[in-house]
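Below is start.pdb, holding PDB, C-alpha atoms.
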ATOM      1  CA  MET A   1       3.581 -18.436  -2.568
ATOM      2  CA  ASN A   2       4.859 -21.203  -4.836
ATOM      3  CA  ARG A   3       8.416 -21.231  -6.155
ATOM      4  CA  LYS A   4       7.490 -19.795  -9.564
ATOM      5  CA  ASP A   5       5.641 -16.846  -8.052
ATOM      6  CA  PHE A   6       8.347 -16.306  -5.454
ATOM      7  CA  GLY A   7      10.908 -16.202  -8.257
ATOM      8  CA  LYS A   8       8.851 -13.551 -10.045
ATOM      9  CA  LEU A   9       8.704 -11.567  -6.788
ATOM     10  CA  VAL A  10      12.492 -11.687  -6.377
ATOM     11  CA  GLU A  11      12.918 -10.586 -10.000
ATOM     12  CA  ALA A  12      10.486  -7.685  -9.512
ATOM     13  CA  LEU A  13      12.232  -6.583  -6.302
ATOM     14  CA  ARG A  14      15.591  -6.704  -8.089
ATOM     15  CA  LYS A  15      14.302  -4.611 -10.982
ATOM     16  CA  GLU A  16      13.077  -1.915  -8.594
ATOM     17  CA  HIS A  17      16.745  -1.065  -8.020
ATOM     18  CA  THR A  18      18.951   0.986 -10.315
ATOM     19  CA  ASP A  19      22.691   1.624 -10.216
ATOM     20  CA  GLU A  20      24.533   4.942 -10.370
ATOM     21  CA  ASN A  21      23.872   5.046 -14.121
ATOM     22  CA  LEU A  22      20.129   4.472 -13.562
ATOM     23  CA  GLU A  23      20.457   1.009 -15.084
ATOM     24  CA  ILE A  24      18.200  -1.692 -13.624
ATOM     25  CA  TRP A  25      20.065  -4.172 -11.459
ATOM     26  CA  THR A  26      21.068  -7.336 -13.264
ATOM     27  CA  GLN A  27      21.168 -10.767 -11.641
ATOM     28  CA  ALA A  28      24.939 -10.302 -11.433
ATOM     29  CA  LYS A  29      24.471  -7.041  -9.506
ATOM     30  CA  LEU A  30      22.083  -8.692  -7.023
ATOM     31  CA  ALA A  31      24.573 -11.541  -6.641
ATOM     32  CA  GLU A  32      27.259  -8.973  -5.844
ATOM     33  CA  GLU A  33      25.053  -7.156  -3.313
ATOM     34  CA  SER A  34      23.854 -10.345  -1.612
ATOM     35  CA  GLY A  35      27.056 -12.363  -1.771
ATOM     36  CA  LEU A  36      25.242 -15.239  -3.478
ATOM     37  CA  PRO A  37      26.300 -17.019  -6.699
ATOM     38  CA  VAL A  38      24.673 -15.534  -9.799
ATOM     39  CA  SER A  39      23.628 -19.062 -10.828
ATOM     40  CA  LEU A  40      21.633 -19.352  -7.597
ATOM     41  CA  ILE A  41      19.920 -15.991  -8.239
ATOM     42  CA  GLY A  42      18.952 -17.227 -11.703
ATOM     43  CA  ASN A  43      17.553 -20.497 -10.352
ATOM     44  CA  ILE A  44      15.516 -18.657  -7.714
ATOM     45  CA  GLU A  45      14.064 -16.209 -10.222
ATOM     46  CA  ARG A  46      13.165 -19.024 -12.624
ATOM     47  CA  GLY A  47      11.495 -20.937  -9.793
ATOM     48  CA  THR A  48      13.702 -23.979 -10.297
ATOM     49  CA  LYS A  49      15.345 -23.828  -6.872
ATOM     50  CA  ALA A  50      13.370 -26.345  -4.807
ATOM     51  CA  GLN A  51      14.977 -25.740  -1.417
ATOM     52  CA  LEU A  52      15.876 -22.279  -0.140
ATOM     53  CA  ARG A  53      18.228 -22.197   2.825
ATOM     54  CA  PRO A  54      17.468 -19.641   5.578
ATOM     55  CA  GLU A  55      20.917 -18.095   5.139
ATOM     56  CA  ASP A  56      20.285 -17.621   1.413
ATOM     57  CA  LEU A  57      16.955 -15.936   2.074
ATOM     58  CA  LEU A  58      18.557 -13.643   4.643
ATOM     59  CA  ALA A  59      21.321 -12.755   2.182
ATOM     60  CA  LEU A  60      18.701 -11.991  -0.484
ATOM     61  CA  ALA A  61      16.705  -9.795   1.907
ATOM     62  CA  LYS A  62      19.850  -7.874   2.828
ATOM     63  CA  GLY A  63      20.920  -7.555  -0.792
ATOM     64  CA  LEU A  64      17.498  -6.256  -1.815
ATOM     65  CA  LEU A  65      17.628  -3.704   1.066
ATOM     66  CA  LEU A  66      14.244  -4.773   2.420
ATOM     67  CA  THR A  67      12.900  -3.099   5.535
ATOM     68  CA  SER A  68      12.166  -5.188   8.631
ATOM     69  CA  ARG A  69       8.451  -5.372   7.812
ATOM     70  CA  GLU A  70       9.215  -6.283   4.199
ATOM     71  CA  ARG A  71      11.588  -9.022   5.362
ATOM     72  CA  TYR A  72       8.797 -10.496   7.465
ATOM     73  CA  ALA A  73       6.556 -10.684   4.384
ATOM     74  CA  PHE A  74       9.468 -11.897   2.233
ATOM     75  CA  PHE A  75      10.231 -14.869   4.474
ATOM     76  CA  ALA A  76       6.529 -15.782   4.614
ATOM     77  CA  ALA A  77       6.333 -15.607   0.813
ATOM     78  CA  ALA A  78       9.292 -17.992   0.574
ATOM     79  CA  SER A  79       7.342 -20.749   2.345
ATOM     80  CA  GLY A  80       6.462 -22.409  -0.965
ATOM     81  CA  ILE A  81       2.742 -22.514  -0.119
ATOM     82  CA  ASP A  82       0.319 -21.286  -2.779
ATOM     83  CA  GLU A  83      -1.752 -18.301  -1.598
ATOM     84  CA  GLU A  84      -4.967 -20.109  -2.556
ATOM     85  CA  PHE A  85      -4.375 -22.421   0.412
ATOM     86  CA  VAL A  86      -3.967 -19.563   2.893
ATOM     87  CA  SER A  87      -7.625 -18.500   2.836
ATOM     88  CA  LYS A  88      -9.580 -21.310   4.513
ATOM     89  CA  GLY A  89     -13.353 -21.663   4.391
ATOM     90  CA  ASP A  90     -16.141 -21.227   1.897
ATOM     91  CA  LYS A  91     -16.609 -17.437   1.998
ATOM     92  CA  ASP A  92     -15.805 -15.646  -1.230
ATOM     93  CA  SER A  93     -14.047 -12.301  -1.363
ATOM     94  CA  GLN A  94     -17.254 -10.252  -1.702
ATOM     95  CA  ALA A  95     -18.735 -11.881   1.418
ATOM     96  CA  ILE A  96     -15.590 -11.123   3.416
ATOM     97  CA  LEU A  97     -15.615  -7.555   2.117
ATOM     98  CA  GLN A  98     -19.222  -7.242   3.286
ATOM     99  CA  ASP A  99     -18.236  -8.442   6.773
ATOM    100  CA  LEU A 100     -15.482  -5.835   6.895
ATOM    101  CA  THR A 101     -17.862  -3.149   5.608
ATOM    102  CA  ASP A 102     -20.302  -4.010   8.400
ATOM    103  CA  ILE A 103     -17.517  -3.313  10.894
ATOM    104  CA  LEU A 104     -16.782  -0.011   9.132
ATOM    105  CA  ARG A 105     -20.451   0.987   9.480
ATOM    106  CA  GLN A 106     -20.184   0.659  13.258
ATOM    107  CA  MET A 107     -17.093   2.844  13.567
ATOM    108  CA  LYS A 108     -17.458   6.399  14.780
ATOM    109  CA  ALA A 109     -14.240   7.571  13.173
ATOM    110  CA  PRO A 110     -12.920   8.275   9.670
ATOM    111  CA  ALA A 111     -12.337   4.881   8.051
ATOM    112  CA  PHE A 112     -11.847   3.206   4.670
ATOM    113  CA  ILE A 113     -10.992  -0.210   3.211
ATOM    114  CA  VAL A 114      -8.137  -0.819   0.779
ATOM    115  CA  ASP A 115      -7.214  -3.899  -1.242
ATOM    116  CA  PRO A 116      -3.747  -5.485  -1.748
ATOM    117  CA  PHE A 117      -2.887  -2.895  -4.410
ATOM    118  CA  GLY A 118      -3.783   0.101  -2.235
ATOM    119  CA  ASP A 119      -7.022   0.818  -4.112
ATOM    120  CA  VAL A 120      -9.775   2.241  -1.906
ATOM    121  CA  VAL A 121     -12.710  -0.193  -2.034
ATOM    122  CA  VAL A 122     -15.121   1.298   0.522
ATOM    123  CA  SER A 123     -14.969   4.507   2.541
ATOM    124  CA  ASN A 124     -17.117   6.466   4.931
ATOM    125  CA  VAL A 125     -17.747  10.151   4.293
ATOM    126  CA  ALA A 126     -15.972  11.065   7.557
ATOM    127  CA  SER A 127     -12.625  10.031   6.025
ATOM    128  CA  LEU A 128     -13.148  12.653   3.300
ATOM    129  CA  MET A 129     -14.299  15.231   5.842
ATOM    130  CA  ALA A 130     -11.208  14.701   7.989
ATOM    131  CA  TYR A 131      -8.935  15.211   4.997
ATOM    132  CA  ASP A 132     -11.082  18.167   3.895
ATOM    133  CA  ILE A 133     -11.859  16.567   0.517
ATOM    134  CA  ASN A 134     -14.997  17.597  -1.330
ATOM    135  CA  PHE A 135     -17.080  14.503  -2.155
ATOM    136  CA  GLU A 136     -17.674  15.548  -5.780
ATOM    137  CA  LEU A 137     -13.966  16.368  -6.264
ATOM    138  CA  PHE A 138     -13.055  12.941  -4.914
ATOM    139  CA  LEU A 139     -15.341  11.104  -7.317
ATOM    140  CA  VAL A 140     -14.523  13.199 -10.378
ATOM    141  CA  SER A 141     -10.760  13.153  -9.755
ATOM    142  CA  SER A 142     -10.714   9.433  -9.060
ATOM    143  CA  GLN A 143     -12.852   8.509 -12.058
ATOM    144  CA  ASN A 144     -10.693  10.607 -14.376
ATOM    145  CA  SER A 145      -7.397   9.396 -12.948
ATOM    146  CA  GLU A 146      -5.265   6.788 -14.680
ATOM    147  CA  THR A 147      -4.768   5.155 -11.305
ATOM    148  CA  ASN A 148      -8.403   5.391 -10.238
ATOM    149  CA  PHE A 149      -8.934   5.199  -6.491
ATOM    150  CA  ASN A 150      -5.464   4.340  -5.211
ATOM    151  CA  VAL A 151      -4.375   5.825  -1.878
ATOM    152  CA  MET A 152      -1.129   7.052  -3.429
ATOM    153  CA  SER A 153      -3.126   9.171  -5.873
ATOM    154  CA  LEU A 154      -4.974  10.710  -2.934
ATOM    155  CA  VAL A 155      -1.646  11.531  -1.287
ATOM    156  CA  TYR A 156       0.282  12.785  -4.338
ATOM    157  CA  ALA A 157      -2.097  13.810  -7.142
ATOM    158  CA  PRO A 158      -1.896  17.549  -8.017
ATOM    159  CA  GLU A 159      -5.613  18.079  -7.428
ATOM    160  CA  PHE A 160      -5.072  17.260  -3.755
ATOM    161  CA  GLN A 161      -2.275  19.784  -3.265
ATOM    162  CA  ARG A 162      -4.386  21.757  -0.787
ATOM    163  CA  GLN A 163      -4.852  18.652   1.355
ATOM    164  CA  ARG A 164      -1.101  18.313   1.705
ATOM    165  CA  SER A 165      -0.963  21.813   3.121
ATOM    166  CA  LEU A 166      -3.220  20.672   5.971
ATOM    167  CA  ILE A 167      -0.423  18.441   7.226
ATOM    168  CA  GLY A 168       2.062  21.289   7.413
ATOM    169  CA  GLU A 169       5.207  21.780   5.364
ATOM    170  CA  GLY A 170       7.514  20.709   8.175
ATOM    171  CA  LYS A 171       5.644  17.419   8.690
ATOM    172  CA  TRP A 172       4.935  16.518   5.061
ATOM    173  CA  ALA A 173       8.218  14.699   4.372
ATOM    174  CA  ASN A 174       7.757  12.391   7.350
ATOM    175  CA  PHE A 175       4.115  11.695   6.457
ATOM    176  CA  SER A 176       5.051  11.038   2.830
ATOM    177  CA  TYR A 177       7.761   8.568   3.833
ATOM    178  CA  ASN A 178       5.462   6.681   6.207
ATOM    179  CA  ALA A 179       2.613   6.564   3.677
ATOM    180  CA  VAL A 180       4.860   5.068   0.998
ATOM    181  CA  MET A 181       6.376   2.548   3.418
ATOM    182  CA  ILE A 182       2.882   1.336   4.316
ATOM    183  CA  PHE A 183       2.044   1.149   0.602
ATOM    184  CA  ARG A 184       5.211  -0.880  -0.029
ATOM    185  CA  LEU A 185       4.186  -3.341   2.655
ATOM    186  CA  MET A 186       0.505  -3.746   1.728
ATOM    187  CA  THR A 187       1.451  -4.430  -1.905
ATOM    188  CA  PHE A 188       4.510  -6.558  -1.156
ATOM    189  CA  THR A 189       3.393  -9.966  -2.417
ATOM    190  CA  ASN A 190       1.910  -8.347  -5.543
ATOM    191  CA  ARG A 191       5.034  -6.454  -6.573
ATOM    192  CA  SER A 192       5.446  -8.700  -9.644
ATOM    193  CA  HIS A 193       1.785  -8.371 -10.682
ATOM    194  CA  PRO A 194       1.243  -6.459 -13.966
ATOM    195  CA  TYR A 195      -1.280  -4.133 -12.316
ATOM    196  CA  PHE A 196       1.156  -3.189  -9.556
ATOM    197  CA  GLN A 197       3.896  -2.698 -12.144
ATOM    198  CA  TYR A 198       1.563  -0.330 -13.987
ATOM    199  CA  LEU A 199       0.801   1.590 -10.780
ATOM    200  CA  LEU A 200       4.475   1.888  -9.871
ATOM    201  CA  ARG A 201       5.473   3.123 -13.338
ATOM    202  CA  THR A 202       2.657   5.673 -13.323
ATOM    203  CA  PHE A 203       3.337   6.978  -9.808
ATOM    204  CA  ARG A 204       7.072   7.268 -10.398
ATOM    205  CA  LYS A 205       6.483   9.158 -13.644
ATOM    206  CA  LYS A 206       3.710  11.480 -12.462
ATOM    207  CA  TYR A 207       4.565  12.147  -8.823
ATOM    208  CA  PRO A 208       8.172  13.220  -8.041
ATOM    209  CA  HIS A 209       7.460  13.215  -4.291
ATOM    210  CA  PHE A 210       6.275   9.611  -4.512
ATOM    211  CA  ARG A 211       9.417   8.637  -6.429
ATOM    212  CA  GLU A 212      11.609  10.305  -3.822
ATOM    213  CA  ALA A 213       9.833   8.594  -0.914
ATOM    214  CA  TRP A 214       9.794   5.206  -2.689
ATOM    215  CA  ASP A 215      13.528   5.319  -3.409
ATOM    216  CA  SER A 216      14.463   6.729   0.010
ATOM    217  CA  VAL A 217      14.185   3.301   1.645
ATOM    218  CA  TYR A 218      17.351   2.317  -0.228
ATOM    219  CA  TRP A 219      19.491   5.134   1.095
ATOM    220  CA  HIS A 220      17.781   6.008   4.389
ATOM    221  CA  GLU A 221      19.299   4.764   7.632
ATOM    222  CA  ARG A 222      15.779   4.666   9.022
ATOM    223  CA  ASP A 223      13.924   1.342   9.143
ATOM    224  CA  HIS A 224      10.171   0.809   9.051
ATOM    225  CA  LEU A 225       9.086  -1.174  12.096
ATOM    226  CA  ILE A 226       5.494  -0.068  12.767
ATOM    227  CA  ASP A 227       2.801  -0.344  10.107
ATOM    228  CA  ASN A 228       0.903   2.848  10.856
ATOM    229  CA  THR A 229       1.363   6.592  10.818
ATOM    230  CA  THR A 230       0.325   9.617  12.847
ATOM    231  CA  LEU A 231      -1.677  12.153  10.867
ATOM    232  CA  ASN A 232      -2.096  15.667  12.248
ATOM    233  CA  LEU A 233      -4.288  17.953  10.151
ATOM    234  CA  SER A 234      -5.283  21.597  10.347
ATOM    235  CA  ASN A 235      -8.833  21.120   9.124
ATOM    236  CA  SER A 236     -10.666  24.272   7.996
ATOM    237  CA  THR A 237     -13.973  23.077   9.471
ATOM    238  CA  PHE A 238     -13.050  20.889  12.437
ATOM    239  CA  GLY A 239      -9.829  22.501  13.646
ATOM    240  CA  GLU A 240      -6.658  20.668  14.632
ATOM    241  CA  LEU A 241      -7.010  16.906  14.301
ATOM    242  CA  LYS A 242      -4.465  14.667  15.981
ATOM    243  CA  GLN A 243      -4.957  11.025  15.057
ATOM    244  CA  ILE A 244      -3.152   7.795  14.361
ATOM    245  CA  ALA A 245      -3.991   5.166  11.756
ATOM    246  CA  SER A 246      -4.944   1.680  12.873
ATOM    247  CA  ASP A 247      -5.871  -1.275  10.687
ATOM    248  CA  ILE A 248      -7.903  -4.480  10.757
ATOM    249  CA  VAL A 249      -6.756  -7.120   8.250
ATOM    250  CA  ALA A 250      -9.064  -9.613   6.531
ATOM    251  CA  ILE A 251      -7.723 -12.499   4.432
ATOM    252  CA  THR A 252      -9.653 -13.232   1.241
ATOM    253  CA  PRO A 253      -9.054 -15.484  -1.799
ATOM    254  CA  ASN A 254      -8.065 -12.265  -3.597
ATOM    255  CA  GLY A 255      -5.513 -11.181  -1.021
ATOM    256  CA  GLN A 256      -5.684  -9.109   2.134
ATOM    257  CA  LEU A 257      -8.153  -6.302   2.698
ATOM    258  CA  ARG A 258      -7.269  -3.640   5.246
ATOM    259  CA  LEU A 259      -9.795  -1.541   7.132
ATOM    260  CA  TYR A 260      -7.975   1.632   8.173
ATOM    261  CA  SER A 261      -9.505   3.846  10.823
ATOM    262  CA  PHE A 262      -8.166   6.931  12.566
ATOM    263  CA  VAL A 263      -7.936   6.887  16.360
ATOM    264  CA  PRO A 264      -8.166  10.318  18.031
ATOM    265  CA  LEU A 265      -5.166  11.280  20.159
ATOM    266  CA  ASN A 266      -6.911  14.000  22.166
ATOM    267  CA  HIS A 267     -10.386  15.024  23.319
ATOM    268  CA  GLU A 268     -10.637  17.814  20.729
ATOM    269  CA  THR A 269     -10.220  15.336  17.879
ATOM    270  CA  ALA A 270     -12.756  12.958  19.436
ATOM    271  CA  ASP A 271     -15.226  15.869  19.637
ATOM    272  CA  ALA A 272     -14.517  16.692  15.976
ATOM    273  CA  TYR A 273     -15.317  13.092  15.013
ATOM    274  CA  ARG A 274     -18.674  13.347  16.791
ATOM    275  CA  LEU A 275     -19.432  16.525  14.854
ATOM    276  CA  MET A 276     -18.500  14.819  11.568
ATOM    277  CA  PHE A 277     -20.987  12.039  12.230
ATOM    278  CA  GLN A 278     -23.681  14.524  13.142
ATOM    279  CA  GLN A 279     -23.113  15.987   9.670
ATOM    280  CA  GLY A 280     -23.410  12.699   7.759
ATOM    281  CA  GLY A 281     -19.958  11.193   8.221
ATOM    282  CA  GLU A 282     -21.432   7.721   8.722
ATOM    283  CA  LYS A 283     -22.532   7.432   5.082
ATOM    284  CA  ILE A 284     -20.770   4.662   3.171
ATOM    285  CA  ILE A 285     -19.238   5.171  -0.287
ATOM    286  CA  PRO A 286     -18.894   1.940  -2.303
ATOM    287  CA  VAL A 287     -15.886   3.181  -4.254
ATOM    288  CA  LEU A 288     -15.276  -0.102  -6.113
ATOM    289  CA  PRO A 289     -18.665  -1.859  -5.909
ATOM    290  CA  ASP A 290     -17.526  -4.683  -8.225
ATOM    291  CA  TRP A 291     -14.284  -5.431  -6.359
ATOM    292  CA  PRO A 292     -12.097  -7.416  -6.969
ATOM    293  CA  GLU A 293     -12.786  -6.157 -10.488
ATOM    294  CA  ARG A 294     -11.561  -2.594 -10.994
ATOM    295  CA  PRO A 295     -11.966  -0.060 -13.826
ATOM    296  CA  TYR A 296      -8.288   0.387 -14.569
ATOM    297  CA  PRO A 297      -7.073   0.885 -18.161
ATOM    298  CA  LYS A 298      -6.382  -2.769 -18.994
ATOM    299  CA  SER A 299      -5.052  -1.818 -22.409
ATOM    300  CA  LYS A 300      -2.025  -0.299 -20.632
ATOM    301  CA  VAL A 301      -1.428  -3.298 -18.381
ATOM    302  CA  ASN A 302       0.250  -6.393 -19.767
ATOM    303  CA  LEU A 303      -2.005  -9.014 -18.181
TER     304      LEU A 303
END
Show how you would write the structure in this file as structure tokens.
Amino acid sequence: MNRKDFGKLVEALRKEHTDENLEIWTQAKLAEESGLPVSLIGNIERGTKAQLRPEDLLALAKGLLLTSRERYAFFAAASGIDEEFVSKGDKDSQAILQDLTDILRQMKAPAFIVDPFGDVVVSNVASLMAYDINFELFLVSSQNSETNFNVMSLVYAPEFQRQRSLIGEGKWANFSYNAVMIFRLMTFTNRSHPYFQYLLRTFRKKYPHFREAWDSVYWHERDHLIDNTTLNLSNSTFGELKQIASDIVAITPNGQLRLYSFVPLNHETADAYRLMFQQGGEKIIPVLPDWPERPYPKSKVNL
């Protein structure tokens, strides 16, 4: 990430914070929290600071209250290297997506692919079956949603209230926290992008549980060290499912794609997966067939 883009990222991360009066943090407030001169914060955000000392970056990460996984991405972003140079080779994003989709086709477990904004690009039917989501409801709800096919909509949208009950009331808070922390990480380098800003505004406005989980990283003692989450579901058709998410990451010119699959944690869940695939779970849904283009309401996004 070049200095200009890194500066925009720091500015976006700063503006995610509010004080006790719900006022967005100023550069002076970040300087106070990080112990750095306000002039240095301004130079970093404007992209005019050519050299960033490790101790300054660490102070910024602490001041911004980044989790351990976010710090890892933050320090990588501060390298000064444009992202266009990270993806090496002559394959375009669609070709890499096709390679990842071919891997998905071979999996005998619920699985889906998301892009750097958390939008579902490709899914197998088994992932809907595991979460007890009706295929038609998924398509209609997603197509009518302001945020289209984003994973946070699938977790928090009102039409999927019944799915949340599958997790169990006592386990929902932990699942919600983990899901948002993973979302924070997968979108990290795009936090200053207008589309992400649109998503964040919409989620915070529409979904109180998302807002609570998103903000909890700033006042929770708990850190986020492992980029996955256990998902136990009481499925009406397949019984108790005990599984853990695992991901395969592919680097494309349009950012990272992640292929998430669910690994069974007991024999009963593995048997349920086999039954899903006997009932058509292997079918592939091209959710965003024109990715990296997406049908979001561009009129509401300041691109």
Minimum-distance residue to Met129 in chain A, chosen among A:Val249, A:Ala95, A:Ile113, A:Leu241 (using only C-alpha atoms): A:Leu241
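One finds CA of Phe117 in chain A at 25.5 Å from CA of Leu233 in chain A.
Of note, CA of Glu11 in chain A and CA of Ala77 in chain A are spaced 13.6 Å apart.
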Output the residue selection produced by the PyMOL selection byres ((chain A and resi 278-285) around 6) on the file above, formatted as a VMD selection string. chain A and resid 122 to 126 275 to 277 286 to 287
Set up a box along x, y and z of the file covering all listed atoms of range 270-281 of chain A, add 6 Å on every one of the six sides, and write the centre and edge lengths in Å to one decimal, as AutoDock Vina command-line options.
--center_x -18.2 --center_y 13.9 --center_z 13.7 --size_x 22.9 --size_y 17.5 --size_z 23.9
Any idea what's packed within 10 Å of Phe196 in chain A, counting all atoms listed in the file, ignoring anything in its chain fewer than 3 positions away? Could you give it as an MDAnalysis selection string? chainID A and resid 116:118 187:188 190:193 199:202 301
So which residues get picked by the PyMOL selection byres ((chain A and resi 112) around 9) here, written as JSON, numbers by chain? {"A": [101, 104, 110, 111, 113, 114, 120, 121, 122, 123, 124, 127, 258, 259, 260, 261]}
If the PyMOL selection byres ((chain A and resi 33) around 12) were run on this exact file, what residues would it hold? Put them as a VMD selection string. chain A and resid 14 17 19 25 to 32 34 to 38 41 59 to 65
Considering only C-alpha atoms, can you say which of A:Arg71, A:Leu66, A:Asp90, A:Gly168 comes closest to Glu16 in chain A? A:Leu66
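Straight-line separation from CA of Phe203 in chain A to CA of Met186 in chain A: 16.0 Å.
Nearest to Arg294 in chain A of all the residues A:Glu20, A:Asp119, A:Asp56, A:Asp102 is A:Asp119, counting all atoms listed in the file.
Comparing A:Asn2, A:Thr18, A:Gln197, A:Ser246 by their smallest distance to Asp215 in chain A, the closest is A:Thr18 (using all atoms listed in the file).
You can rank A:Arg162, A:Lys171, A:Arg274, A:Lys206 by their closest distance to Ser236 in chain A using all atoms listed in the file, and at the top of that list sits A:Arg162.
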Closest of A:Thr189, A:Ser39, A:Met152, A:Asn174 to Val10 in chain A - atom-to-atom distances counting all atoms listed in the file: A:Thr189
Test item: residues at most 8 Å from Thr269 in chain A, only C-alpha atoms, excluding those fewer than 6 positions along its chain, as a tab-separated table (two decimals) with C-alpha atoms, in the coordinates of the input:
chain	number	residue	atom	x	y	z
A	240	GLU	CA	-6.66	20.67	14.63
A	241	LEU	CA	-7.01	16.91	14.30
A	242	LYS	CA	-4.46	14.67	15.98
A	243	GLN	CA	-4.96	11.02	15.06
Do you know which residues lie at most 12 Å from (4.1, 16.0, 3.5), with coordinates as in the file and all atoms listed in the file counted, and could you write them as an NGL selection string? :A and (155-156 or 160-180 or 209-210 or 212-213 or 230-233)
